[in-house]
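Reproduced below: run-v9.pdb, with PDB, C-alpha atoms.
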```
ATOM      1  CA  GLY A   7      91.569  98.856 103.727  1.00  0.00           C
ATOM      2  CA  ASP A   8      88.064  98.402 102.418  1.00  0.00           C
ATOM      3  CA  ASP A   9      86.711  96.705  99.299  1.00  0.00           C
ATOM      4  CA  GLY A  10      85.374 100.019  97.996  1.00  0.00           C
ATOM      5  CA  ALA A  11      86.467 103.578  97.358  1.00  0.00           C
ATOM      6  CA  MET A  12      84.739 106.833  98.272  1.00  0.00           C
ATOM      7  CA  VAL A  13      84.600 109.723  95.801  1.00  0.00           C
ATOM      8  CA  TRP A  14      83.772 113.308  96.729  1.00  0.00           C
ATOM      9  CA  ARG A  15      83.087 115.987  94.122  1.00  0.00           C
ATOM     10  CA  CYS A  16      85.093 119.120  94.910  1.00  0.00           C
ATOM     11  CA  SER A  17      82.606 121.177  92.896  1.00  0.00           C
ATOM     12  CA  ALA A  18      79.768 119.960  95.169  1.00  0.00           C
ATOM     13  CA  PRO A  19      81.319 119.502  98.633  1.00  0.00           C
ATOM     14  CA  ASN A  20      77.922 119.255 100.343  1.00  0.00           C
ATOM     15  CA  ASP A  21      76.812 116.300  98.214  1.00  0.00           C
ATOM     16  CA  ALA A  22      77.116 112.821  99.681  1.00  0.00           C
ATOM     17  CA  PRO A  23      80.180 110.906  98.500  1.00  0.00           C
ATOM     18  CA  VAL A  24      79.796 108.126  95.932  1.00  0.00           C
ATOM     19  CA  ARG A  25      80.881 104.665  97.090  1.00  0.00           C
ATOM     20  CA  LEU A  26      82.486 102.509  94.400  1.00  0.00           C
ATOM     21  CA  CYS A  27      82.252  98.785  95.205  1.00  0.00           C
ATOM     22  CA  CYS A  28      83.327  95.921  92.991  1.00  0.00           C
ATOM     23  CA  HIS A  29      86.601  94.621  94.419  1.00  0.00           C
ATOM     24  CA  ASP A  30      86.887  91.397  96.405  1.00  0.00           C
ATOM     25  CA  ALA A  31      89.518  92.755  98.817  1.00  0.00           C
ATOM     26  CA  ALA A  32      90.836  96.061 100.125  1.00  0.00           C
ATOM     27  CA  VAL A  33      91.283  99.004  97.758  1.00  0.00           C
ATOM     28  CA  GLU A  34      94.922 100.054  98.091  1.00  0.00           C
ATOM     29  CA  ALA A  35      95.314 102.754  95.412  1.00  0.00           C
ATOM     30  CA  VAL A  36      93.324 105.144  93.232  1.00  0.00           C
ATOM     31  CA  ALA A  37      94.209 107.466  90.356  1.00  0.00           C
ATOM     32  CA  LEU A  38      92.203 109.911  88.282  1.00  0.00           C
ATOM     33  CA  ALA A  39      92.982 110.069  84.561  1.00  0.00           C
ATOM     34  CA  PRO A  40      94.500 113.389  83.417  1.00  0.00           C
ATOM     35  CA  ASP A  41      91.473 114.052  81.180  1.00  0.00           C
ATOM     36  CA  GLY A  42      89.111 113.444  84.120  1.00  0.00           C
ATOM     37  CA  ARG A  43      87.094 110.756  82.320  1.00  0.00           C
ATOM     38  CA  LEU A  44      88.240 107.655  84.218  1.00  0.00           C
ATOM     39  CA  LEU A  45      89.188 106.695  87.733  1.00  0.00           C
ATOM     40  CA  ALA A  46      91.295 103.600  88.421  1.00  0.00           C
ATOM     41  CA  SER A  47      91.056 101.687  91.695  1.00  0.00           C
ATOM     42  CA  GLY A  48      93.674  99.053  92.510  1.00  0.00           C
ATOM     43  CA  SER A  49      93.049  96.313  95.025  1.00  0.00           C
ATOM     44  CA  ALA A  50      94.653  93.559  97.058  1.00  0.00           C
ATOM     45  CA  ASP A  51      92.430  91.220  94.993  1.00  0.00           C
ATOM     46  CA  GLY A  52      94.883  91.676  92.089  1.00  0.00           C
ATOM     47  CA  SER A  53      92.658  93.820  89.920  1.00  0.00           C
ATOM     48  CA  ILE A  54      92.312  97.361  88.653  1.00  0.00           C
ATOM     49  CA  ILE A  55      88.811  98.595  87.972  1.00  0.00           C
ATOM     50  CA  LEU A  56      88.345 101.509  85.593  1.00  0.00           C
ATOM     51  CA  TRP A  57      85.342 103.672  86.459  1.00  0.00           C
ATOM     52  CA  ASP A  58      83.489 106.182  84.290  1.00  0.00           C
ATOM     53  CA  ALA A  59      83.990 109.443  86.194  1.00  0.00           C
ATOM     54  CA  VAL A  60      80.504 110.733  85.290  1.00  0.00           C
ATOM     55  CA  SER A  61      78.236 107.736  85.891  1.00  0.00           C
ATOM     56  CA  TRP A  62      80.629 106.000  88.365  1.00  0.00           C
ATOM     57  CA  MET A  63      79.898 102.703  86.638  1.00  0.00           C
ATOM     58  CA  PRO A  64      82.745 100.206  86.089  1.00  0.00           C
ATOM     59  CA  VAL A  65      83.853 100.140  82.450  1.00  0.00           C
ATOM     60  CA  ASP A  66      86.716  97.625  82.616  1.00  0.00           C
ATOM     61  CA  ARG A  67      88.552  95.290  84.969  1.00  0.00           C
ATOM     62  CA  ILE A  68      92.247  94.531  84.513  1.00  0.00           C
ATOM     63  CA  LYS A  69      93.474  91.381  86.256  1.00  0.00           C
ATOM     64  CA  THR A  70      97.117  91.795  87.231  1.00  0.00           C
ATOM     65  CA  GLY A  71      97.737  88.535  89.080  1.00  0.00           C
ATOM     66  CA  ALA A  72      99.194  90.376  92.067  1.00  0.00           C
ATOM     67  CA  SER A  73      98.093  92.853  94.707  1.00  0.00           C
ATOM     68  CA  VAL A  74      97.831  96.410  93.345  1.00  0.00           C
ATOM     69  CA  ASP A  75      99.298  98.952  95.751  1.00  0.00           C
ATOM     70  CA  ALA A  76      99.999 101.783  93.299  1.00  0.00           C
ATOM     71  CA  VAL A  77      98.334 102.991  90.080  1.00  0.00           C
ATOM     72  CA  ALA A  78      98.905 105.867  87.660  1.00  0.00           C
ATOM     73  CA  PHE A  79      97.527 106.880  84.269  1.00  0.00           C
ATOM     74  CA  SER A  80      99.830 107.876  81.433  1.00  0.00           C
ATOM     75  CA  PRO A  81      99.426 111.540  80.424  1.00  0.00           C
ATOM     76  CA  ASP A  82      97.630 110.542  77.185  1.00  0.00           C
ATOM     77  CA  CYS A  83      95.269 108.234  79.153  1.00  0.00           C
ATOM     78  CA  ARG A  84      96.179 105.284  76.921  1.00  0.00           C
ATOM     79  CA  ALA A  85      97.876 103.245  79.652  1.00  0.00           C
ATOM     80  CA  VAL A  86      97.721 102.511  83.369  1.00  0.00           C
ATOM     81  CA  ALA A  87     100.826 101.557  85.320  1.00  0.00           C
ATOM     82  CA  SER A  88     100.520  99.464  88.460  1.00  0.00           C
ATOM     83  CA  GLY A  89     102.703  97.859  91.069  1.00  0.00           C
ATOM     84  CA  GLY A  90     102.296  95.699  94.141  1.00  0.00           C
ATOM     85  CA  HIS A  91     103.822  93.317  96.659  1.00  0.00           C
ATOM     86  CA  ASP A  92     105.493  91.147  94.007  1.00  0.00           C
ATOM     87  CA  GLY A  93     107.808  94.016  92.980  1.00  0.00           C
ATOM     88  CA  LYS A  94     106.758  93.954  89.321  1.00  0.00           C
ATOM     89  CA  VAL A  95     105.682  97.060  87.463  1.00  0.00           C
ATOM     90  CA  ARG A  96     102.922  96.465  84.941  1.00  0.00           C
ATOM     91  CA  VAL A  97     102.013  98.859  82.157  1.00  0.00           C
ATOM     92  CA  HIS A  98      98.545  98.061  80.830  1.00  0.00           C
ATOM     93  CA  CYS A  99      97.607  99.358  77.361  1.00  0.00           C
ATOM     94  CA  LEU A 100      93.918 100.268  77.546  1.00  0.00           C
ATOM     95  CA  ALA A 101      93.295 100.006  73.786  1.00  0.00           C
ATOM     96  CA  THR A 102      94.746  96.519  73.269  1.00  0.00           C
ATOM     97  CA  ALA A 103      94.597  95.032  76.801  1.00  0.00           C
ATOM     98  CA  ALA A 104      98.293  94.129  76.419  1.00  0.00           C
ATOM     99  CA  THR A 105     100.395  94.221  79.577  1.00  0.00           C
ATOM    100  CA  GLN A 106     104.116  94.912  79.708  1.00  0.00           C
ATOM    101  CA  GLU A 107     105.919  93.669  82.858  1.00  0.00           C
ATOM    102  CA  LEU A 108     108.968  95.531  84.095  1.00  0.00           C
ATOM    103  CA  CYS A 109     111.170  93.726  86.626  1.00  0.00           C
ATOM    104  CA  GLY A 110     113.876  95.405  88.665  1.00  0.00           C
ATOM    105  CA  HIS A 111     112.631  95.994  92.193  1.00  0.00           C
ATOM    106  CA  ALA A 112     113.586  93.803  95.140  1.00  0.00           C
ATOM    107  CA  GLY A 113     110.770  95.130  97.311  1.00  0.00           C
ATOM    108  CA  GLY A 114     107.033  95.633  96.970  1.00  0.00           C
ATOM    109  CA  LEU A 115     105.948  98.634  94.912  1.00  0.00           C
ATOM    110  CA  THR A 116     104.424 101.567  96.757  1.00  0.00           C
ATOM    111  CA  GLY A 117     104.440 104.248  94.068  1.00  0.00           C
ATOM    112  CA  VAL A 118     104.281 104.732  90.290  1.00  0.00           C
ATOM    113  CA  ALA A 119     104.217 107.998  88.311  1.00  0.00           C
ATOM    114  CA  PHE A 120     104.586 108.928  84.648  1.00  0.00           C
ATOM    115  CA  SER A 121     106.565 111.934  83.441  1.00  0.00           C
ATOM    116  CA  PRO A 122     104.452 114.674  81.825  1.00  0.00           C
ATOM    117  CA  ASP A 123     105.430 113.475  78.310  1.00  0.00           C
ATOM    118  CA  GLY A 124     104.785 109.792  79.164  1.00  0.00           C
ATOM    119  CA  ARG A 125     108.284 108.713  78.125  1.00  0.00           C
ATOM    120  CA  TRP A 126     109.484 107.931  81.644  1.00  0.00           C
ATOM    121  CA  LEU A 127     107.977 106.030  84.539  1.00  0.00           C
ATOM    122  CA  ALA A 128     109.222 106.493  88.093  1.00  0.00           C
ATOM    123  CA  THR A 129     108.593 103.674  90.571  1.00  0.00           C
ATOM    124  CA  TYR A 130     109.272 103.367  94.279  1.00  0.00           C
ATOM    125  CA  ASP A 131     109.401 100.332  96.558  1.00  0.00           C
ATOM    126  CA  ASP A 132     109.196  99.514 100.251  1.00  0.00           C
ATOM    127  CA  ARG A 133     112.987  99.094 100.415  1.00  0.00           C
ATOM    128  CA  PHE A 134     113.425 102.828  99.664  1.00  0.00           C
ATOM    129  CA  THR A 135     114.539 102.302  96.061  1.00  0.00           C
ATOM    130  CA  ALA A 136     113.320 104.509  93.230  1.00  0.00           C
ATOM    131  CA  LEU A 137     113.797 103.407  89.629  1.00  0.00           C
ATOM    132  CA  LEU A 138     113.389 105.475  86.485  1.00  0.00           C
ATOM    133  CA  TRP A 139     112.218 103.509  83.436  1.00  0.00           C
ATOM    134  CA  ASP A 140     112.265 104.295  79.736  1.00  0.00           C
ATOM    135  CA  VAL A 141     108.745 103.046  78.988  1.00  0.00           C
ATOM    136  CA  ALA A 142     109.276 102.327  75.263  1.00  0.00           C
ATOM    137  CA  ALA A 143     112.506 100.407  75.889  1.00  0.00           C
ATOM    138  CA  ALA A 144     111.169  98.732  79.059  1.00  0.00           C
ATOM    139  CA  ALA A 145     114.525  99.464  80.645  1.00  0.00           C
ATOM    140  CA  VAL A 146     115.778 101.008  83.870  1.00  0.00           C
ATOM    141  CA  VAL A 147     117.746 104.164  83.074  1.00  0.00           C
ATOM    142  CA  GLY A 148     118.366 105.350  86.621  1.00  0.00           C
ATOM    143  CA  SER A 149     118.049 104.390  90.257  1.00  0.00           C
ATOM    144  CA  LEU A 150     118.198 106.035  93.630  1.00  0.00           C
ATOM    145  CA  VAL A 151     118.364 104.352  97.020  1.00  0.00           C
ATOM    146  CA  LEU A 152     117.134 106.573  99.812  1.00  0.00           C
ATOM    147  CA  GLU A 153     118.533 106.161 103.289  1.00  0.00           C
ATOM    148  CA  LEU A 154     116.739 107.102 106.448  1.00  0.00           C
ATOM    149  CA  LEU A 155     118.644 109.657 108.431  1.00  0.00           C
ATOM    150  CA  PRO A 156     118.713 109.475 112.207  1.00  0.00           C
ATOM    151  CA  THR A 157     116.258 111.775 113.914  1.00  0.00           C
ATOM    152  CA  PRO A 158     118.046 114.818 115.320  1.00  0.00           C
ATOM    153  CA  SER A 159     118.396 114.772 119.060  1.00  0.00           C
ATOM    154  CA  ALA A 160     116.144 117.066 121.053  1.00  0.00           C
ATOM    155  CA  HIS A 161     119.122 117.897 123.277  1.00  0.00           C
ATOM    156  CA  THR A 162     121.061 121.041 122.555  1.00  0.00           C
TER     157      THR A 162
END
```

Output the file's structure in the form of structure tokens.
Amino acid sequence: GDDGAMVWRCSAPNDAPVRLCCHDAAVEAVALAPDGRLLASGSADGSIILWDAVSWMPVDRIKTGASVDAVAFSPDCRAVASGGHDGKVRVHCLATAATQELCGHAGGLTGVAFSPDGRWLATYDDRFTALLWDVAAAAVVGSLVLELLPTPSAHT
């Protein structure tokens, strides 16, 4: 990990990438808002920085209190979900700066994703458990534990 993130413009692949630096530890996750206006970078320093996707200037810093290993924007761009080593899911309202904590994982979070309508949040941890949350109710409505299957033998 590095304390910055590199951004390449697909519309200008020959341009030099932009380096975004403001974290105090490794950047572990990035997400682009569905409307393309903001980029979120999550770091081991326990913060999420929101970047203007035109000027690449930081516009906000959210302190989570724990390493950020996964980030995702809600479809309406009004919230950012994050997760990290402490196993807590945090949903950060961008308009009010309120944070809702969702607890249910035993392992560190490695993935977060909103449903297209923003009603559901899927989270995944390093113990191979996926949880489905009703965001408004802050409740788990489903879970799935994935098991690793043995690798097939090369012998016939």

Would you mind listing what lies within 9 Å of stretch 120-131 of chain A as a CSV table (one decimal) with C-alpha atoms, in the frame of the given file, with only C-alpha atoms counted and same-chain residues fewer than 6 positions away left out?
```csv
chain,number,residue,atom,x,y,z
A,78,ALA,CA,98.9,105.9,87.7
A,79,PHE,CA,97.5,106.9,84.3
A,80,SER,CA,99.8,107.9,81.4
A,81,PRO,CA,99.4,111.5,80.4
A,82,ASP,CA,97.6,110.5,77.2
A,87,ALA,CA,100.8,101.6,85.3
A,89,GLY,CA,102.7,97.9,91.1
A,90,GLY,CA,102.3,95.7,94.1
A,91,HIS,CA,103.8,93.3,96.7
A,93,GLY,CA,107.8,94.0,93.0
A,95,VAL,CA,105.7,97.1,87.5
A,111,HIS,CA,112.6,96.0,92.2
A,112,ALA,CA,113.6,93.8,95.1
A,113,GLY,CA,110.8,95.1,97.3
A,114,GLY,CA,107.0,95.6,97.0
A,137,LEU,CA,113.8,103.4,89.6
A,138,LEU,CA,113.4,105.5,86.5
A,139,TRP,CA,112.2,103.5,83.4
A,140,ASP,CA,112.3,104.3,79.7
A,141,VAL,CA,108.7,103.0,79.0
A,142,ALA,CA,109.3,102.3,75.3
```

Enumerate, in order of chain and increasing residue number, the residues of stretch 93-154 of chain A with an atom no farther than 12 Å from stretch 47-60 of chain A, each with its shortest atom pair and distance in Å to one decimal, counting all atoms listed in the file, as CSV.
```
residue,atom,partner,partner_atom,distance
A:Arg96,CA,A:Ile54,CA,11.3
A:Val97,CA,A:Ile54,CA,11.8
A:His98,CA,A:Ile54,CA,10.0
A:Leu100,CA,A:Leu56,CA,9.9
A:Thr116,CA,A:Gly48,CA,11.8
```

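One distance worth recording is that between atom CA of A:Ala35 and atom CA of A:Thr105, which is 18.7 Å.
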
From A:Val77, A:Ala145, A:Ile68, A:Cys27, residue lying nearest A:Cys109 [all atoms listed in the file]: A:Ala145

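Atom CA of A:Arg84 to atom CA of A:Cys99 spans 6.1 Å [interatomic distance, one decimal].
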